[in-house]
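S.K.: Please see the structure below; I have some questions.
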Amino acid sequence: MTVRLFTVDMDSPADMAGLEAAIAVCGKDRLRRVAILTKVEGNPVPNDFSRELARQSLSALLAKYGIEDRSLVLLSVGCEGIATPLSFLIADMAEEEPPAEGPRLAFGIARSAPVAAHEHGSAGLVTRVADTVRAALADGTLAPENAALVLVKVPTAAPAQRDLTPEQTAMSRGRAVGALGVGCALGEIAPARITEAAIGNDLTLMTRHAMTFAGPELDRIEVVALGNRPGAGGDLTIATAFMADILDGTPIRRMLSEAGARPTPWGELADPAQVPALLVKAGIPPDDRLRGARIVAHRGALPADGQMRAALSGVVGSILGHTRFFVSGDPVQQAPPGGGIAAAILRVTNAPA
């Protein structure tokens, strides 16, 4: 496996020009599998159709090139603050090159069969998530211990559907189901501990290797599993770190430095090209207190997650020195309350390009 990564700015949720150019550079016949991580402007409310527009446009693009069956799209909305709407295209290329000296980035993708509306948000769906995660690991020839980050999107029922419970439509509960499924697949969480009441509530149940998402625009579980695998080719690796709160940029700087990205004496990246992708998922403290002081994120006019994304975009942008990153909220059962998880895909500068 040889993985390439392309960062593509987007002028709107329907803008596919950059992704189309990246596919052309790769050559569709040389693409063995593709993961597209897309972050566009919009709000997670029923009457905002940016999510549906982006999904429709991405599906049409993949169909145009005939690569739907070997591609998976993970889509999230919300670019408040200084984040540039973008897509990361991660491509497994059919290239013959010798394995790198050390472990390199590998990834696998998988999707489940369609999920019925009555299954959304249920403890039973955790098992299906875990099975889909295992399939993605197998697709990427990744052992559980080599998995650095598992991205999961879980379907939720649209709020407009009748005769549904709040648990079936709640996106936060869907994210919790995804996290618990990752934890089960990686051996971090005992399946016997997962009950209906534990989902989103028992925060002692936590995975350390996931970012999960939920939405009504898809009908099945979709998974991208990323890790560093011996024998893989290319010049990319992945590293992760945990943040104590949304101001906590030190773990991100430490992670990047330990992985080989050179910082300036003031903590900004000396060469931003060494980190072609950075993803962060974090939350607002539930008691609206940050480092001992009162904040009003949960009591303000704007949604707390939107305020978090805006604030965190400044923290992350100050480290990278640019605005091309993926920031998301609600790391329920993926990080301690008020904390977060960061993942960087880095370029090993002494590896062959």
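Labels used: A, B, ... for chains in the order of the structure tokens, numbers from 1 for residues in each chain, and numbers from 1 for ligands as shown.
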As a list in words, please: the residues near Leu218 (chain A) (cut-off 10 Å, only C-alpha atoms, same-chain neighbours under 2 positions excluded).
M.R.: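 Once the adjacent positions are removed, what remains is Glu52, Arg55, Pro114, Val115, Lys153, Val154, Pro155, Thr156, Ala157, Ala214, Gly215, Pro216, Arg220, Ile221 and Glu222 of chain A.
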S.K.: If we count only C-alpha atoms, what is near region 263-277 of chain A at a cut-off of 7 Å, once residues fewer than 3 positions away on the same chain are taken out, given as a list in words?
M.R.: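 Surrounding residues, per the criterion: Thr7, Arg253, Ser257, Ser318, Ile319, Leu320, Gly321, Phe325, Ala344, Ile345, Leu346 and Arg347 of chain A.
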S.K.: Once you have the residues from the selection above, write them out as a compact mmCIF listing (two decimals), in the first residue's frame, restricted to C-alpha atoms.
M.R.:
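Output below, filename again-v3.txt:
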```txt
# COMPACT_ATOMS: atom_id res chain seq x y z
CA THR A 7 -5.69 18.93 0.46
CA ARG A 253 2.70 20.89 19.42
CA SER A 257 7.44 17.74 17.25
CA SER A 318 -1.81 29.55 15.36
CA ILE A 319 0.08 26.24 15.44
CA LEU A 320 -0.14 25.42 11.74
CA GLY A 321 0.17 28.96 10.46
CA PHE A 325 -7.67 21.92 9.05
CA ALA A 344 -2.10 14.65 12.30
CA ILE A 345 -1.00 13.07 9.06
CA LEU A 346 2.65 14.00 8.64
CA ARG A 347 5.16 13.79 5.84
```
S.K.: Hey, what's within 9 Å of Val73 (chain A) if we count only C-alpha atoms and toss same-chain stuff fewer than 5 positions away? As a PyMOL selection string, please?
M.R.: chain A and resi 34-38+55+58-59+222+224
S.K.: Any idea what the distance is between CA of Ala198 (chain A) and CA of Val280 (chain A)?
M.R.: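 Spanning CA of Ala198 (chain A) to CA of Val280 (chain A) is a straight-line distance of 24.7 Å.
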S.K.: Could you jot down the CA of Ala91 (chain A) to CA of Gly18 (chain A) separation for me, Å, one decimal place?
M.R.: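 Value for the CA of Ala91 (chain A)-CA of Gly18 (chain A) distance: 14.6 Å.
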S.K.: Could you pull the residues within 12 Å of Glu20 (chain A), counting only C-alpha atoms, minus those fewer than 6 positions along the same chain, as a PyMOL selection string?
M.R.: chain A and resi 6+8-10+26-28+36+57-58+60-65+87+89
S.K.: Show which residues sit within 10 Å of Val182 (chain A), as a PyMOL selection string. Count only C-alpha atoms, and ignore same-chain residues fewer than 2 positions away.
M.R.: chain A and resi 126-127+129-134+149-152+176-180+184-189+206-212+223+225+334
S.K.: Can you write just those residues out, N, CA and C atoms, as a short mmCIF file (atom, residue, chain, number, x, y, z; two decimals), in the first residue's frame?
M.R.:
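To be explicit, this is the file written out as again-v4.cif:
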```
data_model
loop_
_atom_site.label_atom_id
_atom_site.label_comp_id
_atom_site.auth_asym_id
_atom_site.auth_seq_id
_atom_site.Cartn_x
_atom_site.Cartn_y
_atom_site.Cartn_z
N VAL A 126 -24.35 -0.78 18.23
CA VAL A 126 -22.92 -0.77 18.60
C VAL A 126 -22.22 -1.99 18.00
N THR A 127 -22.87 -3.14 18.04
CA THR A 127 -22.27 -4.37 17.49
C THR A 127 -22.03 -4.22 16.00
N VAL A 129 -21.55 -1.41 14.39
CA VAL A 129 -20.41 -0.51 14.21
C VAL A 129 -19.10 -1.26 14.40
N ALA A 130 -19.02 -2.06 15.46
CA ALA A 130 -17.79 -2.82 15.74
C ALA A 130 -17.44 -3.74 14.57
N ASP A 131 -18.45 -4.40 14.00
CA ASP A 131 -18.20 -5.30 12.87
C ASP A 131 -17.70 -4.51 11.66
N THR A 132 -18.24 -3.31 11.44
CA THR A 132 -17.81 -2.49 10.31
C THR A 132 -16.40 -1.97 10.52
N VAL A 133 -16.05 -1.64 11.77
CA VAL A 133 -14.68 -1.22 12.08
C VAL A 133 -13.71 -2.37 11.79
N ARG A 134 -14.06 -3.57 12.21
CA ARG A 134 -13.18 -4.73 11.95
C ARG A 134 -13.00 -4.94 10.45
N LEU A 149 -6.30 5.96 14.38
CA LEU A 149 -7.54 6.72 14.37
C LEU A 149 -8.57 6.01 13.51
N VAL A 150 -9.77 5.86 14.07
CA VAL A 150 -10.88 5.28 13.33
C VAL A 150 -11.97 6.34 13.22
N LEU A 151 -12.30 6.70 12.00
CA LEU A 151 -13.35 7.67 11.72
C LEU A 151 -14.63 6.92 11.39
N VAL A 152 -15.69 7.25 12.09
CA VAL A 152 -16.96 6.54 11.91
C VAL A 152 -18.07 7.55 11.70
N ALA A 176 -22.03 8.75 20.02
CA ALA A 176 -21.68 7.88 21.14
C ALA A 176 -21.73 6.41 20.72
N VAL A 177 -22.74 6.04 19.97
CA VAL A 177 -22.83 4.67 19.45
C VAL A 177 -21.60 4.33 18.62
N GLY A 178 -21.17 5.28 17.76
CA GLY A 178 -19.98 5.05 16.95
C GLY A 178 -18.74 4.86 17.79
N ALA A 179 -18.58 5.68 18.84
CA ALA A 179 -17.40 5.58 19.70
C ALA A 179 -17.38 4.25 20.44
N LEU A 180 -18.51 3.84 20.95
CA LEU A 180 -18.57 2.56 21.68
C LEU A 180 -18.26 1.40 20.74
N CYS A 184 -15.24 -1.31 21.25
CA CYS A 184 -15.42 -2.77 21.26
C CYS A 184 -14.52 -3.45 20.24
N ALA A 185 -14.42 -2.88 19.04
CA ALA A 185 -13.62 -3.50 17.99
C ALA A 185 -12.14 -3.52 18.34
N LEU A 186 -11.67 -2.49 19.05
CA LEU A 186 -10.25 -2.40 19.40
C LEU A 186 -9.93 -3.01 20.75
N GLY A 187 -10.92 -3.58 21.43
CA GLY A 187 -10.69 -4.23 22.72
C GLY A 187 -10.54 -3.26 23.87
N GLU A 188 -10.99 -2.02 23.71
CA GLU A 188 -10.90 -1.03 24.77
C GLU A 188 -12.11 -1.05 25.70
N ILE A 189 -13.24 -1.54 25.22
CA ILE A 189 -14.49 -1.53 25.96
C ILE A 189 -15.10 -2.93 25.93
N MET A 206 -14.85 4.70 27.17
CA MET A 206 -14.25 5.65 26.22
C MET A 206 -13.23 4.94 25.35
N THR A 207 -13.23 5.27 24.07
CA THR A 207 -12.17 4.85 23.18
C THR A 207 -11.15 5.97 23.06
N ARG A 208 -9.91 5.62 22.82
CA ARG A 208 -8.85 6.62 22.65
C ARG A 208 -8.39 6.69 21.19
N HIS A 209 -9.16 6.12 20.29
CA HIS A 209 -8.70 6.04 18.90
C HIS A 209 -9.80 6.37 17.90
N ALA A 210 -10.74 7.24 18.27
CA ALA A 210 -11.87 7.48 17.37
C ALA A 210 -12.22 8.95 17.26
N MET A 211 -12.76 9.29 16.10
CA MET A 211 -13.54 10.50 15.90
C MET A 211 -14.81 10.04 15.20
N THR A 212 -15.96 10.33 15.81
CA THR A 212 -17.21 9.83 15.26
C THR A 212 -18.15 10.97 14.90
N VAL A 223 -16.97 3.69 7.71
CA VAL A 223 -15.77 3.69 8.55
C VAL A 223 -14.52 3.87 7.70
N ALA A 225 -10.51 3.52 8.69
CA ALA A 225 -9.53 3.16 9.73
C ALA A 225 -8.14 3.52 9.23
N GLN A 334 -15.19 9.80 23.35
CA GLN A 334 -13.95 9.77 22.59
C GLN A 334 -12.85 10.56 23.29
#
```
S.K.: Excluding Leu312 (chain A) and any residue of its chain fewer than 5 positions from it, enumerate the residues within 10 Å of it, using only C-alpha atoms, and give them as a ChimeraX atom specification.
M.R.: /A:80-83,245-249,280-283,306-307,317-318,327-329
S.K.: Take the residues from that selection and put them in a file with C-alpha atoms, as an mmCIF file, in the first residue's frame.
M.R.:
```cif
data_model
loop_
_atom_site.group_PDB
_atom_site.id
_atom_site.type_symbol
_atom_site.label_atom_id
_atom_site.label_comp_id
_atom_site.auth_asym_id
_atom_site.auth_seq_id
_atom_site.Cartn_x
_atom_site.Cartn_y
_atom_site.Cartn_z
ATOM 1 C CA GLU A 80 -16.992 28.677 12.061
ATOM 2 C CA GLY A 81 -14.044 30.889 12.893
ATOM 3 C CA ILE A 82 -11.090 30.849 10.515
ATOM 4 C CA ALA A 83 -11.348 27.320 9.092
ATOM 5 C CA ASP A 245 -9.494 21.493 26.937
ATOM 6 C CA ILE A 246 -9.941 23.667 23.851
ATOM 7 C CA LEU A 247 -7.093 25.991 24.853
ATOM 8 C CA ASP A 248 -4.660 23.114 25.248
ATOM 9 C CA GLY A 249 -2.409 23.425 22.208
ATOM 10 C CA VAL A 280 -9.276 17.904 15.915
ATOM 11 C CA LYS A 281 -12.454 16.944 17.774
ATOM 12 C CA ALA A 282 -13.158 18.736 21.038
ATOM 13 C CA GLY A 283 -15.927 19.865 23.339
ATOM 14 C CA GLY A 306 -20.214 26.513 16.830
ATOM 15 C CA GLN A 307 -18.498 28.633 19.465
ATOM 16 C CA GLY A 317 -4.427 27.963 13.091
ATOM 17 C CA SER A 318 -1.813 29.551 15.361
ATOM 18 C CA VAL A 327 -12.304 20.864 13.460
ATOM 19 C CA SER A 328 -15.341 19.070 14.824
ATOM 20 C CA GLY A 329 -17.268 18.951 18.091
#
```
S.K.: So the first atom is CA of Gln333 (chain A) and the second is CA of Ala304 (chain A); what is the distance between them in Å, to one decimal place?
M.R.: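 Between CA of Gln333 (chain A) and CA of Ala304 (chain A) the gap is 17.9 Å.
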